[in-house]
Amino acid sequence: MEDVKREMPPEQETRLSLVVDAFSYPDGTKALSSIHIEIKRGEFIGILGSNGSGKTTLLKVMDGLIKDFKGKVLLDGKDIRKLSPKEIYRKMGLIFQNPDDQLFAPTVLEDVSFGPLNMGFSGQEVSRRVEEALRDVEMEGYAKKSIHNLSYGQKKRVCIAGLLAMGHEILLMDEPTAGLDPMGEYKMMRLLTKLNRERGVTIVMATHSVDLVPLFLHRLYIVSKGSIVRGGVPEEVFTAPDEMSQVKLRLPQIAELIYRLKHEDRINFEKIPLTIGEARREFCKIVQ
Ligand SMILES: Nc1ncnc2c1ncn2[C@@H]1O[C@H](COP(=O)(O)OP(=O)(O)OP(=O)(O)O)[C@@H](O)[C@H]1O
Ligand SMILES: [Mg+2]
């Protein structure tokens, strides 16, 4: 996979700020505690964690779907619990982890049109947005197809088209690449990077794809057992393999290889690269 140079956006104002001291589900499951997250305009942020660590719960709190938590969530400085759903959805959209929880219309066209129609755009503008969104996710030609008959990966892409067509400023994405084939995963990340860079969309994505993350994301938070245990740029967050396994994650595969070469085979790497491009440069330095 070719490297995409991550460029940090210039320091900007905070768009989303979360402090969650505690949240439990009605059955008593303690799902979140010790959460402190700040997301600035134009950032591309990852929430990284193993199964059951609390990623989906966290995104639901961010989007105002879960309200009975102890703490405070601010969207552009305003308490999210005091905003109406309309005020939230004008700015921010959430893609659910399971596309079947999101899609509801009989056909692709009807589903992707629903959001922009409700936002009050003209028929012509809706068609333009839907066409562009379907092209972005490489689902053009599927407009008339029944949602019911789509594959899982295709449904996932239609969900994303639905949000793209609405043109949110902030996108919250729950595992946007899960269930996509390797090329589909890579293309999805390229598309999100393009939205982030060219249209300035602020993106927060939950994921456990440790190999993809260092290629694309500006900053990461690691969530384990409902709490944020680490945060920073990928180089700060991906540390030693045993520290990653404590939070039920691993290093990117290329980093794991070089970590072992350095620590077990005593090959003199200056740093542990996280991507193939960086690893290639480090190898060249050693053999030259
Ligand atoms: N509606 C619910 N009622 C009770 N417990 C829940 C509910 N939804 C989630 N949980 C629990 O909350 C914890 C966090 O779940 P969550 O879905 O946020 O994890 P996740 O990090 O998104 O996991 P995955 O990677 O599997 O999607 C888990 O222990 C889960 O069993
Ligand atoms: Mg989840």
# chains A, B, ... in the order shown; residues from 1 in each chain; ligands from 1
call {"tool": "residues_near_ligand", "arguments": {"ligand": "ligand 1", "cutoff": "8 Å", "atoms": "only C-alpha atoms and all ligand atoms", "output": "PyMOL selection string"}}
result
chain A and resi 24-32+49-58+97+174-175+206-208+223+225-226
call {"tool": "residues_around", "arguments": {"residues": "A:Val287", "least_positions_apart": "3", "cutoff": "12 Å", "atoms": "only C-alpha atoms", "output": "PyMOL selection string"}}
result
chain A and resi 267-269+280-284
call {"tool": "write_last_selection", "arguments": {"atoms": "N, CA and C atoms", "output": "mmCIF file, in the first residue's frame"}}
result
data_model
loop_
_atom_site.group_PDB
_atom_site.id
_atom_site.type_symbol
_atom_site.label_atom_id
_atom_site.label_comp_id
_atom_site.auth_asym_id
_atom_site.auth_seq_id
_atom_site.Cartn_x
_atom_site.Cartn_y
_atom_site.Cartn_z
ATOM 1 N N ILE A 267 19.135 -5.681 15.126
ATOM 2 C CA ILE A 267 19.421 -4.884 13.919
ATOM 3 C C ILE A 267 19.138 -3.429 14.277
ATOM 4 N N ASN A 268 20.061 -2.568 13.833
ATOM 5 C CA ASN A 268 20.086 -1.225 14.387
ATOM 6 C C ASN A 268 19.116 -0.243 13.713
ATOM 7 N N PHE A 269 17.839 -0.408 13.962
ATOM 8 C CA PHE A 269 16.875 0.575 13.449
ATOM 9 C C PHE A 269 16.809 1.758 14.410
ATOM 10 N N ARG A 280 10.623 1.089 4.400
ATOM 11 C CA ARG A 280 11.514 0.984 3.239
ATOM 12 C C ARG A 280 12.670 1.978 3.377
ATOM 13 N N ARG A 281 12.326 3.207 3.801
ATOM 14 C CA ARG A 281 13.376 4.222 3.970
ATOM 15 C C ARG A 281 14.363 3.800 5.067
ATOM 16 N N GLU A 282 13.856 3.238 6.158
ATOM 17 C CA GLU A 282 14.735 2.813 7.252
ATOM 18 C C GLU A 282 15.648 1.660 6.816
ATOM 19 N N PHE A 283 15.085 0.701 6.043
ATOM 20 C CA PHE A 283 15.886 -0.423 5.526
ATOM 21 C C PHE A 283 17.018 0.106 4.648
ATOM 22 N N CYS A 284 16.680 1.060 3.763
ATOM 23 C CA CYS A 284 17.671 1.592 2.823
ATOM 24 C C CYS A 284 18.822 2.243 3.581
#
call {"tool": "closest_residue", "arguments": {"among": "A:Lys78, A:Lys155, A:His263, A:Arg197", "to": "A:Ile95", "atoms": "only C-alpha atoms"}}
result
A:Lys155
call {"tool": "closest_residue", "arguments": {"among": "A:Glu110, A:Glu11, A:Glu236, A:Asp21", "to": "A:Lys145", "atoms": "only C-alpha atoms"}}
result
A:Glu110
call {"tool": "closest_residue", "arguments": {"among": "A:Thr14, A:Gly167, A:Thr177, A:Glu256", "to": "A:Glu125", "atoms": "only C-alpha atoms"}}
result
A:Gly167
call {"tool": "select_by_dssp", "arguments": {"residues": "stretch 19-233 of chain A", "states": "strand (DSSP E or B)", "output": "PDB file with C-alpha atoms, in the first residue's frame"}}
result
ATOM      1  CA  VAL A  19     -15.891  14.719  29.077  1.00  0.00           C
ATOM      2  CA  VAL A  20     -17.664  11.552  30.166  1.00  0.00           C
ATOM      3  CA  ASP A  21     -17.121  10.648  33.804  1.00  0.00           C
ATOM      4  CA  ALA A  22     -19.527   7.721  33.717  1.00  0.00           C
ATOM      5  CA  PHE A  23     -22.155   6.051  31.582  1.00  0.00           C
ATOM      6  CA  SER A  24     -23.933   2.745  32.244  1.00  0.00           C
ATOM      7  CA  LYS A  30     -20.609   0.174  32.956  1.00  0.00           C
ATOM      8  CA  ALA A  31     -19.739   1.231  29.415  1.00  0.00           C
ATOM      9  CA  LEU A  32     -17.768   4.518  29.722  1.00  0.00           C
ATOM     10  CA  SER A  33     -15.634   6.358  32.279  1.00  0.00           C
ATOM     11  CA  SER A  34     -12.599   8.709  32.263  1.00  0.00           C
ATOM     12  CA  ILE A  35     -13.237   9.977  28.750  1.00  0.00           C
ATOM     13  CA  HIS A  36     -11.684  13.252  27.713  1.00  0.00           C
ATOM     14  CA  ILE A  37     -11.578  13.986  23.983  1.00  0.00           C
ATOM     15  CA  GLU A  38     -11.102  17.225  22.028  1.00  0.00           C
ATOM     16  CA  ILE A  39     -11.639  17.359  18.280  1.00  0.00           C
ATOM     17  CA  LYS A  40     -10.596  20.405  16.311  1.00  0.00           C
ATOM     18  CA  PHE A  44      -9.138  13.198  11.035  1.00  0.00           C
ATOM     19  CA  ILE A  45      -9.288  11.317  14.328  1.00  0.00           C
ATOM     20  CA  GLY A  46      -9.362   7.614  15.144  1.00  0.00           C
ATOM     21  CA  ILE A  47     -10.974   5.924  18.119  1.00  0.00           C
ATOM     22  CA  LEU A  48      -9.100   2.655  18.333  1.00  0.00           C
ATOM     23  CA  LYS A  70     -22.314  11.994  33.705  1.00  0.00           C
ATOM     24  CA  GLY A  71     -20.176  14.660  32.062  1.00  0.00           C
ATOM     25  CA  LYS A  72     -20.456  17.215  29.300  1.00  0.00           C
ATOM     26  CA  VAL A  73     -20.371  17.100  25.489  1.00  0.00           C
ATOM     27  CA  LEU A  74     -20.024  20.387  23.641  1.00  0.00           C
ATOM     28  CA  LEU A  75     -20.612  20.821  19.902  1.00  0.00           C
ATOM     29  CA  LYS A  78     -22.934  24.300  22.998  1.00  0.00           C
ATOM     30  CA  ASP A  79     -24.154  21.569  25.329  1.00  0.00           C
ATOM     31  CA  MET A  92     -22.896  16.253  12.120  1.00  0.00           C
ATOM     32  CA  GLY A  93     -23.833  12.795  10.885  1.00  0.00           C
ATOM     33  CA  LEU A  94     -23.189   9.296  12.246  1.00  0.00           C
ATOM     34  CA  ILE A  95     -22.647   6.180  10.147  1.00  0.00           C
ATOM     35  CA  THR A 107     -33.976   1.278  -3.270  1.00  0.00           C
ATOM     36  CA  SER A 146     -33.187  -2.951  -4.152  1.00  0.00           C
ATOM     37  CA  ILE A 170     -18.499  16.591  10.874  1.00  0.00           C
ATOM     38  CA  LEU A 171     -18.718  12.861  10.141  1.00  0.00           C
ATOM     39  CA  LEU A 172     -18.735  10.234  12.875  1.00  0.00           C
ATOM     40  CA  MET A 173     -18.050   6.814  11.386  1.00  0.00           C
ATOM     41  CA  ASP A 174     -18.373   3.529  13.171  1.00  0.00           C
ATOM     42  CA  THR A 202     -13.852  16.846  10.318  1.00  0.00           C
ATOM     43  CA  ILE A 203     -13.867  13.046  10.659  1.00  0.00           C
ATOM     44  CA  VAL A 204     -13.951  10.799  13.701  1.00  0.00           C
ATOM     45  CA  MET A 205     -13.772   7.078  12.962  1.00  0.00           C
ATOM     46  CA  ALA A 206     -13.981   4.097  15.267  1.00  0.00           C
ATOM     47  CA  THR A 207     -11.842   1.215  14.090  1.00  0.00           C
ATOM     48  CA  ARG A 219      -4.477  11.633  15.904  1.00  0.00           C
ATOM     49  CA  LEU A 220      -5.766   8.612  17.768  1.00  0.00           C
ATOM     50  CA  TYR A 221      -7.366   7.796  21.052  1.00  0.00           C
ATOM     51  CA  ILE A 222      -7.103   4.266  22.391  1.00  0.00           C
ATOM     52  CA  VAL A 223     -10.172   3.121  24.284  1.00  0.00           C
ATOM     53  CA  SER A 224      -9.971   0.119  26.579  1.00  0.00           C
ATOM     54  CA  SER A 227     -11.807   4.561  29.161  1.00  0.00           C
ATOM     55  CA  ILE A 228      -9.308   6.480  27.068  1.00  0.00           C
ATOM     56  CA  VAL A 229      -5.931   5.024  27.971  1.00  0.00           C
ATOM     57  CA  ARG A 230      -3.740   6.866  25.489  1.00  0.00           C
ATOM     58  CA  GLY A 231      -3.982   9.594  22.869  1.00  0.00           C
ATOM     59  CA  GLY A 232      -1.716  11.358  20.395  1.00  0.00           C
TER      60      GLY A 232
END
call {"tool": "closest_residue", "arguments": {"among": "A:Arg41, A:Leu65, A:Ala143, A:Ala178", "to": "ligand 2", "atoms": "only C-alpha atoms and all ligand atoms"}}
result
A:Ala178
call {"tool": "closest_residue", "arguments": {"among": "A:Arg260, A:Arg90, A:Lys285, A:Arg157", "to": "A:Asp111", "atoms": "only C-alpha atoms"}}
result
A:Arg157
call {"tool": "residues_around", "arguments": {"residues": "A:Gly179", "least_positions_apart": "6", "cutoff": "12 Å", "atoms": "only C-alpha atoms", "output": "PyMOL selection string"}}
result
chain A and resi 97-99+151-157+185+188+207+209
call {"tool": "write_last_selection", "arguments": {"atoms": "C-alpha atoms", "output": "compact mmCIF listing (two decimals), in the first residue's frame"}}
result
# COMPACT_ATOMS: atom_id res chain seq x y z
CA GLN A 97 -21.54 0.06 12.37
CA ASN A 98 -24.21 -2.21 10.89
CA PRO A 99 -25.63 -0.90 7.59
CA SER A 151 -23.95 -7.33 -0.50
CA TYR A 152 -22.74 -6.24 2.96
CA GLY A 153 -19.88 -4.13 1.56
CA GLN A 154 -22.21 -2.51 -0.97
CA LYS A 155 -24.70 -1.64 1.80
CA LYS A 156 -21.87 -0.10 3.78
CA ARG A 157 -20.93 2.08 0.81
CA GLU A 185 -10.84 -0.56 2.54
CA MET A 188 -12.66 4.15 1.48
CA THR A 207 -11.84 1.22 14.09
CA SER A 209 -7.72 -1.67 11.71
call {"tool": "atom_distance", "arguments": {"atom1": "atom CA of A:Arg250", "atom2": "atom CA of A:Asn196"}}
result
26.5 Å
call {"tool": "atom_distance", "arguments": {"atom1": "atom CA of A:Pro234", "atom2": "atom CA of A:His168"}}
result
26.0 Å
call {"tool": "closest_residue", "arguments": {"among": "A:Met166, A:His148, A:Val213, A:Lys60", "to": "ligand 2", "atoms": "only C-alpha atoms and all ligand atoms"}}
result
A:Lys60
call {"tool": "atom_distance", "arguments": {"atom1": "atom CA of A:Gly42", "atom2": "atom CA of A:Glu13"}}
result
9.4 Å
call {"tool": "select_by_dssp", "arguments": {"residues": "stretch 9-253 of chain A", "states": "alpha helix (DSSP H)", "output": "ChimeraX atom specification"}}
result
/A:55-62,85-91,108-118,123-136,152-166,182-198,213-216,234-237,241-246,253
